Amino acid sequence: MDIKKTPKKLNVKEKYRLMTRDLAWEPSYRDEKEIYPYVDYEGIKVHDWSKWEDPFRLTMDAYWKYQAEKERKYYAIIDAHAQNNGHLNVTDARYLTAIKLFLQSISPGEYASHRGFARVGREFAGVGPQVACQMQSIDEIRHAQTQVHAMSNYNKFYNGFKDFANQRDRIWYTSVARSFFDDAMSAGPFEFLIAIGFSFEYVLTNLLFVPFMSGAAYNGDMATCTFGFSAQSDEARHMTLGLECIKFMLEQDPDNIPIVQKWIDKWFWRGCRLLTLVAAMMDYMLPKRVMSWREAWNIYGVENGNALFRDLARYGIKPPMHWDDVEKSIDHTSHQIMLGLYQWKFGTAFHSWTPTASDIEWLKEKYPTTFEKYYLPRWEYAIAQKENGGEYNNFGLPKLCQTCQLPCLFTEPDDPTQLAHRETEYEGEKYHFCSDGCQHVFEQEPEKYVQAWLPMPSMMQEPLKGDLAAWMEWASLEPTASGEYANSEDKANFEKWRKQVSTD
Amino acid sequence: MSFEVTIEPLGQTIEVEEEQTILDAALRAGIYLPHACCHGLCATCKIDVLDGEVDHGEASSFALMDFERDENKCLACCAIPESDLVIEAEIEEDPDSRNLPVQDYQCTVSRIEELTPTIKGIWLKIADADGIEFQAGQYINLNLPDDIGSRAFSIASTPAEPGEIELNIRKVPGGVGTAYIHDELKEGDDITFSGPYGRFFVKKSADMPMIFMAGGSGLSSPRSMIMELLEEGCEHPITLVYGQRTREELYYHDEFLALAKKYANFTYIPALSDAGDDGVWQGEVGFVHEAAQRAFNGDFSGNKAYLCGPPLMIDACINTLMQGRLFERDIYTEKFISAADAQQVRSPLFKNI
């Protein structure tokens, strides 16, 4: 009788090798330089691509299996959400402002990441990073799609969701995120991975996703919450890719260390500037709050950041250059940004409002040293104008920072009563900046940032020539989606429909 | 009643007793599963349960999250089978691991010697005539009486002497276990231990020069490893950088001087951090990492490094090695994770150092 012998199963490492590393080949009739023309010009020296380690060891076949299961789960919940009028389960329609901001600025960033990873996956010369980048590229387009699908349901009922693709390119505050991702995508392959894979995915992603997803959950938005969890299950792999890339560069050659340091300095600062929008969302836009921006920063920024930079110090890497400035700004930025968004609310594709009495109490408690002293008086001024039948608007156009593209509305790190303005002259033109950090980024690569597309100057140029109404139409800024929340169609409709549902 | 546990991808089946953890049973069967803290905190031992039921025991909800429990994962160090099981672990074959089974040993304290004012040498004669088979660098868990529990100690003697092992034990201030050993244990006492444990052994298959860095009571493993290498006729350069605070704490100094004389490929670099100013000490002054930095002129590439000693020394040595172009894949340390370590926020940049 034959004894059935079970063949020894391949171990994970062996299987991974067969399904990834073994897919590569040595080129025979073209040389490596022709095939991978972009791996050298950033100055990163690589001696041995095989030293790239892939701690995740996910093979393509397993990847499809996992992702398909995630999609199945996800769309079951989205369908249920749509069929049961899930949009009426959110706390109140103010919550929509948070997800409008997210859809307009962050979701297109997922799509940009998808394109970026597809590109660098082709440009890297080692099969390990090629496979990892390919997977992340597919992840990112999945994230973009699931986010658009989750929010398309809101688009059936509310204003401001209808044109996210054009809005991403044309609105002034979305250009902040746009310029961040465009900057990364137009950099070399290694810098792209430091920008997105390391700074964004590792250092800053928890600050973005954890508050946003908990905010969605707290405020009853199961659809958004679910895309968050679905996306987060990919994040561990993304973070690993970013970390592996940085280790690889630092270990390959000591000459890489100063280059990597420069990128860390740049992308940490750029990321923190981008996240000021999230800060405003957390402190001002969620009807039910999760935690303050300061609390989130202490956990995800300071604690995790310190642990990481302690370890990176072993390679001779120093904490990011403008870390102290970020720390000093944390108790201020959300208030400064929200006051900005509120005074320019005629030009935002979401509604805003002045804080209520209970909001004010909460802000005082969370920001005991700054809110009452510096920002409450300005809110009180706006509230008083409303009470007298007026509206607090600023119809002047803000001066934008040439690097981060936010209005120059931040204060000096050591003096919250002084606006921070910096300028640099380059080839006879003056360029303006919101901070030392942004000025520093510009001065490292002026020839790149002088080409930046800035929404305010473009409005003054051909063909709009300062025609505000024409510009608003071009940027899909419909009047029903802008302005004070209390007077909005969204608020009226939400309340009407909710009443209908609860009396049924 | 016991259960049968099949371990994939090996396809090997082992028996697990009632109330025994999967990790304990696997190690005792000579199958190495990755593990570190052994208390359900660090998640190093996370495995997949392909078939059957387990009790998760004291697994921390941070180390093993709810969704992972739903996905039939468990921590081998805490999980106790409730039925026959099939599990899958990420087993990497290490060509240098002999995967020796852990066993319990009866023995007698055959000799106690004062090596320094704070360190005692303890020799244990094993009752079983075959003694213990172990790899140089591994440790044992010594069982102490009066509910003290067990304590881990590296074996300071070489595998060439399986019948009697030597332990070098420092009296830890406030430590109940080491106080018992220093103050009450005497020659002729019967005592038991289990072993061998640990993955800290020489990567002979790498076939490369080696640097050993030892300080405090961390000399045991490096001593066993170096003596074995030299006795086996290893021809690669071997360097021991060995630090203590003062000359009287520098135990086995004369022995290493003699070895360095006898073997041309062995370099011995002793360093004292507090040499005094009487001019008697002629060797290196400073910490281990400083002495190593000078000896290698700041370039450690092309070596394998083995580190053993107090956490601060290990940390300083890793920094020095990395700045001297030697990285994680070539650095080995013996780590003992306590509950306090698991609480600390660590970045995931490094896995093993």
# chains A, B, ... in the order shown; residues from 1 in each chain; ligands from 1

call {"tool": "closest_atom_pairs", "arguments": {"of": "chain B", "to": "chain A", "cutoff": "8 Å", "atoms": "only C-alpha atoms", "output": "Markdown table"}}
result
| residue | atom | partner | partner_atom | distance |
| --- | --- | --- | --- | --- |
| B:Glu8 | CA | A:Lys9 | CA | 7.2 |
| B:Pro9 | CA | A:Lys9 | CA | 4.9 |
| B:Leu10 | CA | A:Lys8 | CA | 6.4 |
| B:Gly11 | CA | A:Lys8 | CA | 6.6 |
| B:Glu90 | CA | A:Val12 | CA | 6.5 |
| B:Ile91 | CA | A:Asn11 | CA | 7.0 |
| B:Glu92 | CA | A:Lys13 | CA | 7.4 |
| B:Ile318 | CA | A:Arg314 | CA | 7.6 |
| B:Asn319 | CA | A:Arg314 | CA | 5.0 |
| B:Thr320 | CA | A:Arg314 | CA | 8.0 |
| B:Met322 | CA | A:Tyr315 | CA | 6.2 |
| B:Gln323 | CA | A:Tyr315 | CA | 6.1 |
| B:Arg325 | CA | A:Glu251 | CA | 7.2 |
| B:Phe327 | CA | A:Glu251 | CA | 7.3 |
| B:Val345 | CA | A:Ala307 | CA | 6.4 |
| B:Arg346 | CA | A:Ala307 | CA | 5.4 |
| B:Ser347 | CA | A:Leu308 | CA | 4.8 |
| B:Pro348 | CA | A:Leu308 | CA | 7.7 |
| B:Leu349 | CA | A:Leu243 | CA | 6.4 |
| B:Phe350 | CA | A:Asp311 | CA | 7.8 |

call {"tool": "residues_around", "arguments": {"residues": "Met19 of chain A", "least_positions_apart": "4", "cutoff": "9 Å", "atoms": "only C-alpha atoms", "output": "list of chain:residue names"}}
result
A:Glu14, A:Lys15, A:Leu23, A:Thr59, A:Met60, A:Asp61

call {"tool": "write_last_selection", "arguments": {"atoms": "N, CA and C atoms", "output": "compact mmCIF listing (two decimals), in the first residue's frame"}}
result
# COMPACT_ATOMS: atom_id res chain seq x y z
N GLU A 14 10.66 31.28 1.38
CA GLU A 14 10.93 30.57 0.13
C GLU A 14 9.89 30.91 -0.92
N LYS A 15 8.63 30.91 -0.49
CA LYS A 15 7.53 31.20 -1.40
C LYS A 15 7.68 32.63 -1.92
N LEU A 23 11.27 36.52 -10.19
CA LEU A 23 10.61 37.02 -11.40
C LEU A 23 11.53 37.97 -12.18
N THR A 59 3.11 37.97 -1.35
CA THR A 59 3.25 37.64 -2.76
C THR A 59 2.01 38.13 -3.50
N MET A 60 2.16 38.30 -4.81
CA MET A 60 1.08 38.88 -5.60
C MET A 60 -0.19 38.04 -5.51
N ASP A 61 -0.07 36.73 -5.52
CA ASP A 61 -1.28 35.90 -5.48
C ASP A 61 -2.04 36.10 -4.17

call {"tool": "atom_distance", "arguments": {"atom1": "atom CA of Asp299 of chain B", "atom2": "atom CA of Lys203 of chain B"}}
result
20.6 Å

call {"tool": "residues_around", "arguments": {"residues": "Lys399 of chain A", "least_positions_apart": "4", "cutoff": "8 Å", "atoms": "only C-alpha atoms", "output": "list in words"}}
result
Pro407, Cys408, His432 and Met456 of chain A

call {"tool": "closest_atom_pairs", "arguments": {"of": "segment 65-147 of chain A", "to": "segment 210-224 of chain A", "cutoff": "12 Å", "atoms": "only C-alpha atoms", "output": "tab-separated table"}}
result
residue	atom	partner	partner_atom	distance
A:Lys73	CA	A:Ala223	CA	11.5
A:Tyr74	CA	A:Ala223	CA	8.5
A:Tyr75	CA	A:Ala223	CA	9.2
A:Ala76	CA	A:Ala223	CA	10.1
A:Ile77	CA	A:Ala223	CA	6.8
A:Ile78	CA	A:Ala223	CA	5.5
A:Asp79	CA	A:Ala223	CA	9.0
A:Ala80	CA	A:Ala223	CA	9.0
A:His81	CA	A:Ala223	CA	6.4
A:Ala82	CA	A:Ala223	CA	8.7
A:Gln83	CA	A:Ala223	CA	11.8
A:Asn84	CA	A:Met222	CA	11.5
A:Asn85	CA	A:Asp221	CA	11.0
A:Gly86	CA	A:Asp221	CA	7.3
A:His87	CA	A:Asp221	CA	7.1
A:Leu88	CA	A:Gly220	CA	8.9
A:Asn89	CA	A:Gly220	CA	5.7
A:Val90	CA	A:Gly220	CA	4.5
A:Thr91	CA	A:Asn219	CA	5.1
A:Asp92	CA	A:Asn219	CA	8.2
A:Ala93	CA	A:Asn219	CA	10.2
A:Arg94	CA	A:Asn219	CA	10.2
A:Tyr95	CA	A:Asn219	CA	7.3
A:Leu96	CA	A:Asp221	CA	9.8
A:Thr97	CA	A:Ala216	CA	11.8
A:Ala98	CA	A:Phe212	CA	8.6
A:Ile99	CA	A:Thr224	CA	8.4
A:Lys100	CA	A:Thr224	CA	11.6
A:Leu101	CA	A:Phe212	CA	11.1
A:Phe102	CA	A:Phe212	CA	8.8
A:Leu103	CA	A:Thr224	CA	10.6
A:Ile106	CA	A:Phe212	CA	11.2
A:Ser107	CA	A:Thr224	CA	11.9
A:His143	CA	A:Thr224	CA	11.4
A:Thr146	CA	A:Thr224	CA	9.1
A:Gln147	CA	A:Thr224	CA	7.4

call {"tool": "select_by_dssp", "arguments": {"residues": "segment 150-326 of chain B", "states": "strand (DSSP E)", "output": "JSON, numbers by chain"}}
result
{"B": [150, 151, 152, 153, 154, 164, 165, 166, 167, 168, 169, 170, 190, 191, 192, 193, 194, 195, 196, 197, 210, 211, 212, 213, 214, 215, 238, 239, 240, 241, 242, 243, 244, 266, 267, 268, 269, 270, 271, 272, 284, 285, 304, 305, 306, 307, 308]}

call {"tool": "residues_around", "arguments": {"residues": "segment 23-36 of chain B", "least_positions_apart": "6", "cutoff": "6 Å", "atoms": "only C-alpha atoms", "output": "list in words"}}
result
Val16, Thr44, Cys45, Ala76, Cys77, Asn99, Leu100, Pro101 and Val102 of chain B

call {"tool": "residues_around", "arguments": {"residues": "Arg21 of chain A", "least_positions_apart": "5", "cutoff": "9 Å", "atoms": "only C-alpha atoms", "output": "PyMOL selection string"}}
result
chain A and resi 16+50+126-128+131

call {"tool": "write_last_selection", "arguments": {"atoms": "N, CA and C atoms", "output": "PDB file, in the first residue's frame"}}
result
ATOM      1  N   TYR A  16       8.039  33.515  -1.016  1.00  0.00           N
ATOM      2  CA  TYR A  16       8.199  34.909  -1.410  1.00  0.00           C
ATOM      3  C   TYR A  16       9.307  35.052  -2.453  1.00  0.00           C
ATOM      4  N   SER A  50      20.237  43.740  -3.902  1.00  0.00           N
ATOM      5  CA  SER A  50      19.710  42.543  -3.239  1.00  0.00           C
ATOM      6  C   SER A  50      19.652  42.730  -1.726  1.00  0.00           C
ATOM      7  N   GLY A 126      15.684  47.310  -8.442  1.00  0.00           N
ATOM      8  CA  GLY A 126      15.651  46.029  -7.738  1.00  0.00           C
ATOM      9  C   GLY A 126      14.244  45.458  -7.741  1.00  0.00           C
ATOM     10  N   VAL A 127      14.134  44.139  -7.791  1.00  0.00           N
ATOM     11  CA  VAL A 127      12.806  43.534  -7.894  1.00  0.00           C
ATOM     12  C   VAL A 127      12.023  43.646  -6.583  1.00  0.00           C
ATOM     13  N   GLY A 128      12.731  43.659  -5.435  1.00  0.00           N
ATOM     14  CA  GLY A 128      12.040  43.808  -4.147  1.00  0.00           C
ATOM     15  C   GLY A 128      11.203  45.085  -4.118  1.00  0.00           C
ATOM     16  N   VAL A 131       8.178  45.165  -6.720  1.00  0.00           N
ATOM     17  CA  VAL A 131       6.946  44.473  -6.345  1.00  0.00           C
ATOM     18  C   VAL A 131       6.213  45.253  -5.249  1.00  0.00           C
TER      19      VAL A 131
END

call {"tool": "decode", "arguments": {"residues": "segment 61-88 of chain A", "atoms": "C-alpha atoms", "output": "PDB file, in the first residue's frame"}}
result
ATOM      1  CA  ASP A  61      -1.279  35.902  -5.484  1.00  0.00           C
ATOM      2  CA  ALA A  62      -1.934  36.360  -1.771  1.00  0.00           C
ATOM      3  CA  TYR A  63      -2.267  40.097  -2.309  1.00  0.00           C
ATOM      4  CA  TRP A  64      -5.212  39.682  -4.679  1.00  0.00           C
ATOM      5  CA  LYS A  65      -6.909  37.295  -2.291  1.00  0.00           C
ATOM      6  CA  TYR A  66      -6.665  39.698   0.679  1.00  0.00           C
ATOM      7  CA  GLN A  67      -7.683  42.765  -1.283  1.00  0.00           C
ATOM      8  CA  ALA A  68     -10.668  41.057  -2.902  1.00  0.00           C
ATOM      9  CA  GLU A  69     -11.946  40.077   0.523  1.00  0.00           C
ATOM     10  CA  LYS A  70     -11.559  43.661   1.749  1.00  0.00           C
ATOM     11  CA  GLU A  71     -13.532  44.951  -1.215  1.00  0.00           C
ATOM     12  CA  ARG A  72     -16.333  42.455  -0.635  1.00  0.00           C
ATOM     13  CA  LYS A  73     -16.698  43.488   2.993  1.00  0.00           C
ATOM     14  CA  TYR A  74     -16.426  47.150   2.168  1.00  0.00           C
ATOM     15  CA  TYR A  75     -19.060  47.308  -0.563  1.00  0.00           C
ATOM     16  CA  ALA A  76     -21.532  45.293   1.511  1.00  0.00           C
ATOM     17  CA  ILE A  77     -21.375  48.042   4.131  1.00  0.00           C
ATOM     18  CA  ILE A  78     -21.500  50.867   1.593  1.00  0.00           C
ATOM     19  CA  ASP A  79     -24.611  49.376  -0.024  1.00  0.00           C
ATOM     20  CA  ALA A  80     -26.322  48.980   3.313  1.00  0.00           C
ATOM     21  CA  HIS A  81     -25.412  52.556   4.180  1.00  0.00           C
ATOM     22  CA  ALA A  82     -26.951  53.863   0.962  1.00  0.00           C
ATOM     23  CA  GLN A  83     -30.090  51.756   1.192  1.00  0.00           C
ATOM     24  CA  ASN A  84     -30.808  52.701   4.789  1.00  0.00           C
ATOM     25  CA  ASN A  85     -30.302  56.448   4.367  1.00  0.00           C
ATOM     26  CA  GLY A  86     -27.102  56.201   6.389  1.00  0.00           C
ATOM     27  CA  HIS A  87     -26.369  59.842   5.667  1.00  0.00           C
ATOM     28  CA  LEU A  88     -29.127  60.802   8.105  1.00  0.00           C
TER      29      LEU A  88
END
